[in-house]
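To start, the structure under review is shown below, and the notes come after it.
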Amino acid sequence: MELSDLMNMLRNPQAIQAKADELRRKTAAIRATGQAGGGMVKITLSGEMELLECVIAPEVIDPAEPGFLADLVRAAHNDAAAKVQDGIRQQLGEDMGGLGAALPGFGGSNPFGDGSAFGGR
């Protein structure tokens with residue numbers, strides 16, 4: 001997206017709303033599956049971070065070790081969440097000409113330069 005395109009959008013609130021709606025639809029359509037334990041636990045999330053599927057291989061279910069299974073589920077979820085964030089980052093990059101990567105919380109360089117999303121605290 002060129003700067004002139006951005007300026008034109010700012011002059012047209014309806015265009016901004018339409019673009020936001022389009023990005024929301026595209027983000028919601030993202031699906032990512034994370035796994036842990038060599039694929040013994042798989043978690044699928046939507047772009048809205050909704051849990052769509054959880055698959056657990058029977059051989060990792062040990063009543064004597066519930067913490068082990070919990071760790072695998074957590075790791076698979078974190079893997080899927082990272083993939084969703086990457087998908088959102090990629091979608092924003094495509095739709096906003098790379099501008100999305102500079103937004104706080106979406107990777108890229110932090111405009112505040114201090115490691116936080118809001119500058120300081």
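Naming works like this for the structure tokens: A, B, ... for the chains as they're shown, residue 1 at the start of each chain, ligands 1 onward in shown order.
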Legend entry - Residue contacts of Gly34 (chain A) (6 Å, only C-alpha atoms) excluding same-chain residues fewer than 4 positions away, as a ChimeraX atom specification: /A:42-43,76,79-80
Could I get the residues of region 61-96 of chain A with an atom no further than 9 Å from an atom of region 36-40 of chain A, each paired with its nearest atom pair and that distance in Å to one decimal, using only C-alpha atoms, sorted by chain and residue number, as JSON lines?
```
{"residue": "A:Asp71", "atom": "CA", "partner": "A:Ala36", "partner_atom": "CA", "distance": 8.9}
{"residue": "A:Leu72", "atom": "CA", "partner": "A:Ala36", "partner_atom": "CA", "distance": 5.5}
{"residue": "A:Val73", "atom": "CA", "partner": "A:Ala36", "partner_atom": "CA", "distance": 7.3}
{"residue": "A:Arg74", "atom": "CA", "partner": "A:Ala36", "partner_atom": "CA", "distance": 8.6}
{"residue": "A:Ala75", "atom": "CA", "partner": "A:Ala36", "partner_atom": "CA", "distance": 5.9}
{"residue": "A:Ala76", "atom": "CA", "partner": "A:Ala36", "partner_atom": "CA", "distance": 4.9}
{"residue": "A:His77", "atom": "CA", "partner": "A:Ala36", "partner_atom": "CA", "distance": 8.7}
{"residue": "A:Asp79", "atom": "CA", "partner": "A:Ala36", "partner_atom": "CA", "distance": 8.0}
```
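Here CA of Leu3 (chain A) is placed at a distance of 17.9 Å from CA of Gln17 (chain A).
Using only C-alpha atoms, the nearest neighbour of Thr27 (chain A) within the list A:Ser4, A:Gln90, A:Thr44, A:Asn12 is A:Gln90.
Separating CA of Glu53 (chain A) from CA of Thr33 (chain A) is a distance of 8.7 Å.
Minimum atom-to-atom distance to Asp86 (chain A), evaluated using only C-alpha atoms, belongs to A:Gly47 out of A:Met9, A:Gly47, A:Ile16, A:Leu23.
Between CA of Ala57 (chain A) and CA of Leu69 (chain A) lies a distance of 10.3 Å.
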Test item: residues at most 10 Å from Gln85 (chain A), only C-alpha atoms, excluding those fewer than 3 positions along its chain, as a PDB file with N, CA and C atoms, in the first residue's frame:
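Output contents, as saved in result.pdb:
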```
ATOM      1  N   THR A  27      -8.648 -12.572   8.499  1.00  0.00           N
ATOM      2  CA  THR A  27      -8.041 -13.052   9.739  1.00  0.00           C
ATOM      3  C   THR A  27      -8.846 -14.207  10.318  1.00  0.00           C
ATOM      4  N   ILE A  30      -8.123 -17.665   8.851  1.00  0.00           N
ATOM      5  CA  ILE A  30      -6.835 -18.311   9.086  1.00  0.00           C
ATOM      6  C   ILE A  30      -7.042 -19.525   9.987  1.00  0.00           C
ATOM      7  N   ALA A  32      -4.589 -22.663  11.846  1.00  0.00           N
ATOM      8  CA  ALA A  32      -3.233 -23.131  12.095  1.00  0.00           C
ATOM      9  C   ALA A  32      -3.274 -24.280  13.090  1.00  0.00           C
ATOM     10  N   GLY A  47      -8.034 -17.900  13.242  1.00  0.00           N
ATOM     11  CA  GLY A  47      -7.358 -16.610  13.295  1.00  0.00           C
ATOM     12  C   GLY A  47      -7.857 -15.732  14.426  1.00  0.00           C
ATOM     13  N   GLU A  48      -9.010 -16.098  14.984  1.00  0.00           N
ATOM     14  CA  GLU A  48      -9.544 -15.379  16.149  1.00  0.00           C
ATOM     15  C   GLU A  48      -9.134 -16.061  17.450  1.00  0.00           C
ATOM     16  N   MET A  49      -8.194 -17.016  17.333  1.00  0.00           N
ATOM     17  CA  MET A  49      -7.652 -17.776  18.459  1.00  0.00           C
ATOM     18  C   MET A  49      -8.696 -18.685  19.113  1.00  0.00           C
ATOM     19  N   ALA A  80       0.495 -23.547  17.841  1.00  0.00           N
ATOM     20  CA  ALA A  80      -0.588 -23.102  16.952  1.00  0.00           C
ATOM     21  C   ALA A  80      -0.768 -21.588  17.034  1.00  0.00           C
ATOM     22  N   ALA A  81      -0.704 -21.021  18.236  1.00  0.00           N
ATOM     23  CA  ALA A  81      -0.879 -19.576  18.410  1.00  0.00           C
ATOM     24  C   ALA A  81       0.210 -18.803  17.666  1.00  0.00           C
ATOM     25  N   ALA A  82       1.438 -19.299  17.725  1.00  0.00           N
ATOM     26  CA  ALA A  82       2.532 -18.639  17.001  1.00  0.00           C
ATOM     27  C   ALA A  82       2.285 -18.687  15.499  1.00  0.00           C
ATOM     28  N   ILE A  88      -1.423 -13.943  10.539  1.00  0.00           N
ATOM     29  CA  ILE A  88      -1.986 -12.592  10.613  1.00  0.00           C
ATOM     30  C   ILE A  88      -0.951 -11.577  10.138  1.00  0.00           C
ATOM     31  N   ARG A  89       0.295 -11.739  10.597  1.00  0.00           N
ATOM     32  CA  ARG A  89       1.377 -10.841  10.186  1.00  0.00           C
ATOM     33  C   ARG A  89       1.545 -10.866   8.669  1.00  0.00           C
ATOM     34  N   GLN A  90       1.511 -12.059   8.100  1.00  0.00           N
ATOM     35  CA  GLN A  90       1.648 -12.196   6.650  1.00  0.00           C
ATOM     36  C   GLN A  90       0.472 -11.545   5.930  1.00  0.00           C
ATOM     37  N   GLN A  91      -0.742 -11.764   6.440  1.00  0.00           N
ATOM     38  CA  GLN A  91      -1.927 -11.179   5.814  1.00  0.00           C
ATOM     39  C   GLN A  91      -1.877  -9.659   5.877  1.00  0.00           C
ATOM     40  N   GLY A 105       2.566  -5.411  18.450  1.00  0.00           N
ATOM     41  CA  GLY A 105       1.912  -6.686  18.647  1.00  0.00           C
ATOM     42  C   GLY A 105       1.898  -7.567  17.414  1.00  0.00           C
ATOM     43  N   PHE A 106       2.409  -7.092  16.284  1.00  0.00           N
ATOM     44  CA  PHE A 106       2.395  -7.877  15.060  1.00  0.00           C
ATOM     45  C   PHE A 106       3.796  -8.100  14.514  1.00  0.00           C
ATOM     46  N   GLY A 107       4.809  -7.984  15.367  1.00  0.00           N
ATOM     47  CA  GLY A 107       6.165  -8.255  14.917  1.00  0.00           C
ATOM     48  C   GLY A 107       6.767  -7.047  14.233  1.00  0.00           C
TER      49      GLY A 107
END
```
